[in-house]
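Engineer: Have a look at this one before I ask anything.
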Amino acid sequence: MSTAPDLSDGHEPGLPGAVAAPGASPDVILRTEGITKRFGAVVALQGIDMRLKRGEVLGLVGDNGAGKSTFVKILCGFQRPDEGRIFVEGQPVEFHSVKDARAVGIETVYQDLALVPQLTVYENLFLNRELTSLGKLGLLSRRRMRNLARQYLDNIKVNMPDLDQEVEMLSGGQRQAVAVARATRLNAKILLLDEPLAAMGAKESALIMELVKDLSAQGVSMVVIDHNYAHLFALCDRLNVIQQGKVTVDARVADTSVEELTELMVSAFRRQLQAGQEALGEIAI
Amino acid sequence: MAQAAVTTSDRTPVPPAPPLEVGRGVSPASVLKYLVQRREATVITVTVLAIIYFAVRTSSIFQVANISVTTQYMGPILVIGVGEVLMLVLAEIDLSAGQVYLTAPWFVYWFWHNMGVPIGLAIVISLALCAAIGLTNGLITVLLGVPSLVVTLGMQFLLYGVVLVVSSYTQEQLPVLGTTYATIFGAGAWADLGWGVAIAAGIWFLLKRTRFGVHVTATGGNTLAAAEAGIPVKRVKVWCFMIVSVVSGYIGILDLIRQVSMDPGSYGLNIVLAPIVAAVIGGTALTGGRATVLGTFIGALFLSIVDDGLNLTGVSANWFYLLEGIIILVLMIINVRLGRFALRFRR
């Protein structure tokens with residue numbers, strides 16, 4: 001698959017359907033093929049093959065600098081890959097901007113970047129899609145927005161007692177819920193979640209986990225990046241480990257464990273360390 | 001395996017999120033919370049105190065003639081102040097609004113006197129020029145990335161210069177207009193207040209009841225999020241710059257119709273600061289996203305009452321600015337501290 005040293009600890013499991021069969025199964029909503037990205041001499045991604053099924057929650061694990069953020073930036077259209085292809089529902093797509101990705105239903109949820117703290121919950125949900133009356137005058141139909149927001153939040157089972165509260169007054173978990181709700185309300189089929197449980201208490205985390213599950217049950221597919229294994233095991237159906245710009249492990253959460261992954265990462269780290277020492281030794285000679 | 005309990009692929013139940021306690025109950029704490037969170041609370045309190053204080057010190061504060069004079073002083077502060085509210089929500093500022101207020105009457109005069117344009121048309125042309133000034137301020141700010149503080153400061157000097165050059169530093173008089181016309185447009189005892197309240201109500205409506213208003217708040221509150229959502233943030237800003245200029249010019253023209261004479265030496269920076277103070281003590285944040293038109297109204301009222309009260313009680317003019325400065329500082333400290341306090345009520 002690539003010429004880089006294999007760090008996968010003999011795992012190289014799965015990568016099932018990687019180097020994708022052209023007639024990928026119809027339940028695969030998002031697929032990438034050999035995504036490669038270089039920054040000058042640094043190769044950030046060396047051919048990422050990934051599949052995301054409809055309604056699936058896929059976790060991306062990896063150390064800092066492993067390339068998962070770069071990969072997500074490519075998926076959401078913020079950066080363009082040097083090589084490789086992206087397929088959405090089997091169709092090849094090319095993103096020139098975040099807008100392009102959004103147009104095919106891929107939405108990135110950033111907790112604080114996406115919301116206006118001084119606007120209310122329902123105003124945020126309807127940001128730039130406000131319901132108005134009297135046409136050109138643009139009078140806000142606050143009641144209609146409130147009702148629809150209530151309906152929608154009930155639908156995806158988000159508990160938000162006061163829709164008139166300013167987002168600034170909400171807790172981190174509630175804010176995250178609002179951000180996710182807005183993305184899905186706009187018909188996002190694929191959500192990219194960047195550390196959705198960061199800095200959240202148990203209660204808050206439970207809120208978001210519930211939301212993620214309800215959404216995936218309703219057919220929304222999600223890619224989650226997180227450093228925290230416990231979070232990923234709680235949120236995801238499947239995990240992809242990214243090391244040195246490649247997917248080295250692709251496993252269902254049920255088939256692996258935190259211990260196994262930790263061991264994998266640590267042994268990879270040891271090997272790198274060893275390689276580094278050897279290299280240093282050679283230089284010394 | 002410990003992880004089995006949190007594995008989701010088999011939909012292991014996670015305890016449902018407990019309801020978050022943000023309900024609204026009526027308790028002393030919630031009343032306090034409401035008062036603290038109302039951004040206008042401080043300014044309302046001190047305004048009432050100021051009225052009581054001056055009412056005790058001098059009986060004439062409640063005389064109709066005095067009130068009508070006070071409102072004439074208040075008019076420009078209110079109108080330019082609510083204009084500045086639009087700027088402050090966007091985390092911008094317009095320092096040229098005071099000079100626009102002074103220059104708009106000169107435009108009217110030049111078109112009417114030097115070019116023989118009928119007065120009504122001259123007013124319309126003048127307002128169009130004010131809009132063009134706002135457009136220029138806005139475009140330089142959003143397209144060239146120069147901070148609005150600097151852009152509008154430059155515009156302030158530029159307009160001052162235009163007035164000095166064209167007028168050759170001579171005072172001019174506008175003819176006294178026909179009575180009904182003049183009464184409605186500025187000369188009537190209550191015209192300033194009437195127009196001021198109407199314009200303030202208009203801007204309140206724009207901010208709180210229209211789609212444009214939400215976009216203004218969003219642009220000021222989180223420009224990135226607003227732009228991401230597809231709001232044309234630059235256009236929104238430019239529109240607001242134009243609105244400030246036009247309302248400032250309009251109230252300037254009204255004042256000219258009342259006062260009749262124009263002094264080219266009047267300096268805009270002296271005029272624009274009181275409205276900004278009114279907006280800020282009223283509870284509008286300089287950092288963007290927070291606006292209160294009601295607060296600005298009360299802020300303008302407060303400044304007018306203090307000004308009037310100090311006059312009536314015969315405080316020496318030398319003490320005037322000193323006292324006003326102290327009052328503003330104390331008010332702002334209370335406002336900021338209360339704001340911090342209010343944030344503690346979250347969650």
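Simple scheme: letters A, B, ... for chains in structure tokens order, numbers from 1 for residues in each chain, numbers from 1 for ligands in the order shown.
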Please find the residues of chain A near chain B - the criterion being any atom within 8 Å, counting only C-alpha atoms - and write them as JSON, numbers by chain.
Structural biologist: {"A": [113, 114, 115, 116, 117, 118, 119, 123, 127, 128, 130, 132, 137, 138, 139, 140, 159, 160, 161, 162, 169, 170, 171, 203, 204, 206, 207, 209, 210, 233, 234, 235, 236, 237, 238, 252, 253, 254, 257, 258]}
Engineer: Ser216 in chain A: which residues within 9 Å, counting only C-alpha atoms, same-chain residues fewer than 4 positions away excluded, as a CSV table (one decimal) with C-alpha atoms, in the first residue's frame?
Structural biologist:
```csv
chain,number,residue,atom,x,y,z
A,54,ARG,CA,-24.4,5.2,6.6
A,55,GLY,CA,-25.3,5.8,10.2
A,56,GLU,CA,-21.9,4.7,11.4
A,57,VAL,CA,-19.7,6.5,13.9
A,211,LEU,CA,-27.2,12.8,20.8
A,212,VAL,CA,-24.5,11.1,18.7
A,220,VAL,CA,-26.4,10.5,10.2
A,221,SER,CA,-22.9,9.3,9.7
A,222,MET,CA,-20.1,10.7,11.8
```
Engineer: Could you pull out the residues in range 34-83 of chain A that DSSP calls strand (DSSP E or B) from the backbone, as a PyMOL selection string?
Structural biologist: chain A and resi 34-39+42-53+57-61+83
Engineer: Could you pull the residues within 10 Å of Thr71 in chain B, counting only C-alpha atoms, minus those fewer than 6 positions along the same chain, as a list in words?
Structural biologist: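 After dropping sequence-adjacent residues, the list is Ile77, Leu78, Ala189, Trp190, Ala191, Asp192, Leu193, Gly194, Gly196, Ala300, Leu301, Ser304, Ile305 and Asp308 of chain B.
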Engineer: Residues at most 6 Å from range 32-38 of chain A, counting only C-alpha atoms, excluding those fewer than 6 positions away in the same chain, as a short mmCIF file (atom, residue, chain, number, x, y, z; two decimals) with C-alpha atoms, in the first residue's frame?
Structural biologist:
```cif
data_model
loop_
_atom_site.label_atom_id
_atom_site.label_comp_id
_atom_site.auth_asym_id
_atom_site.auth_seq_id
_atom_site.Cartn_x
_atom_site.Cartn_y
_atom_site.Cartn_z
CA ALA A 44 1.51 14.40 6.27
CA LEU A 45 -0.70 11.76 4.69
CA GLN A 46 0.63 8.89 2.67
CA GLY A 47 -2.43 7.34 1.14
CA ILE A 48 -5.39 7.17 3.44
CA ASP A 49 -8.11 4.70 2.56
CA MET A 50 -11.22 5.04 4.64
CA PRO A 81 -5.24 16.52 -1.21
CA ASP A 82 -2.19 16.19 -3.46
CA GLU A 83 -3.36 12.78 -4.55
CA GLY A 84 -6.26 10.51 -3.90
CA ARG A 85 -9.99 10.61 -4.37
CA ILE A 86 -13.08 11.12 -2.25
#
```
Engineer: For range 189-193 of chain A, please output as a ChimeraX atom specification all residues within 8 Å (counting only C-alpha atoms; exclusion window: fewer than 3 positions along the same chain).
Structural biologist: /A:72,76,105-110,183-184,196,219-225
Engineer: Could those selected residues go to a file with C-alpha atoms, as a PDB file, in the first residue's frame?
Structural biologist:
```pdb
ATOM      1  CA  VAL A  72     -10.330  15.873   8.443  1.00  0.00           C
ATOM      2  CA  CYS A  76     -14.387  19.112   5.014  1.00  0.00           C
ATOM      3  CA  GLY A 105     -23.827  17.087   3.089  1.00  0.00           C
ATOM      4  CA  ILE A 106     -20.489  17.078   4.913  1.00  0.00           C
ATOM      5  CA  GLU A 107     -20.447  19.451   7.858  1.00  0.00           C
ATOM      6  CA  THR A 108     -17.770  20.068  10.459  1.00  0.00           C
ATOM      7  CA  VAL A 109     -18.912  20.882  13.956  1.00  0.00           C
ATOM      8  CA  TYR A 110     -16.708  23.116  16.025  1.00  0.00           C
ATOM      9  CA  ALA A 183     -25.489  21.108  11.391  1.00  0.00           C
ATOM     10  CA  THR A 184     -27.941  18.219  11.125  1.00  0.00           C
ATOM     11  CA  PRO A 196     -16.796  16.568  20.881  1.00  0.00           C
ATOM     12  CA  GLY A 219     -28.854   7.596   9.645  1.00  0.00           C
ATOM     13  CA  VAL A 220     -26.427  10.456  10.189  1.00  0.00           C
ATOM     14  CA  SER A 221     -22.864   9.255   9.737  1.00  0.00           C
ATOM     15  CA  MET A 222     -20.068  10.712  11.816  1.00  0.00           C
ATOM     16  CA  VAL A 223     -16.306  10.908  11.914  1.00  0.00           C
ATOM     17  CA  VAL A 224     -14.956  11.707  15.370  1.00  0.00           C
ATOM     18  CA  ILE A 225     -11.400  12.734  16.167  1.00  0.00           C
TER      19      ILE A 225
END
```
Engineer: Which residue is closest to Ser96 in chain B? Choose from B:Ala131, B:Val46, B:Val117, B:Val151 and count only C-alpha atoms.
Structural biologist: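 Among the listed residues, the smallest separation from Ser96 in chain B belongs to B:Val151.
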Engineer: In Å, how far is it from CA of Val247 in chain B to CA of His113 in chain B?
Structural biologist: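 Separation between CA of Val247 in chain B and CA of His113 in chain B: 23.2 Å.
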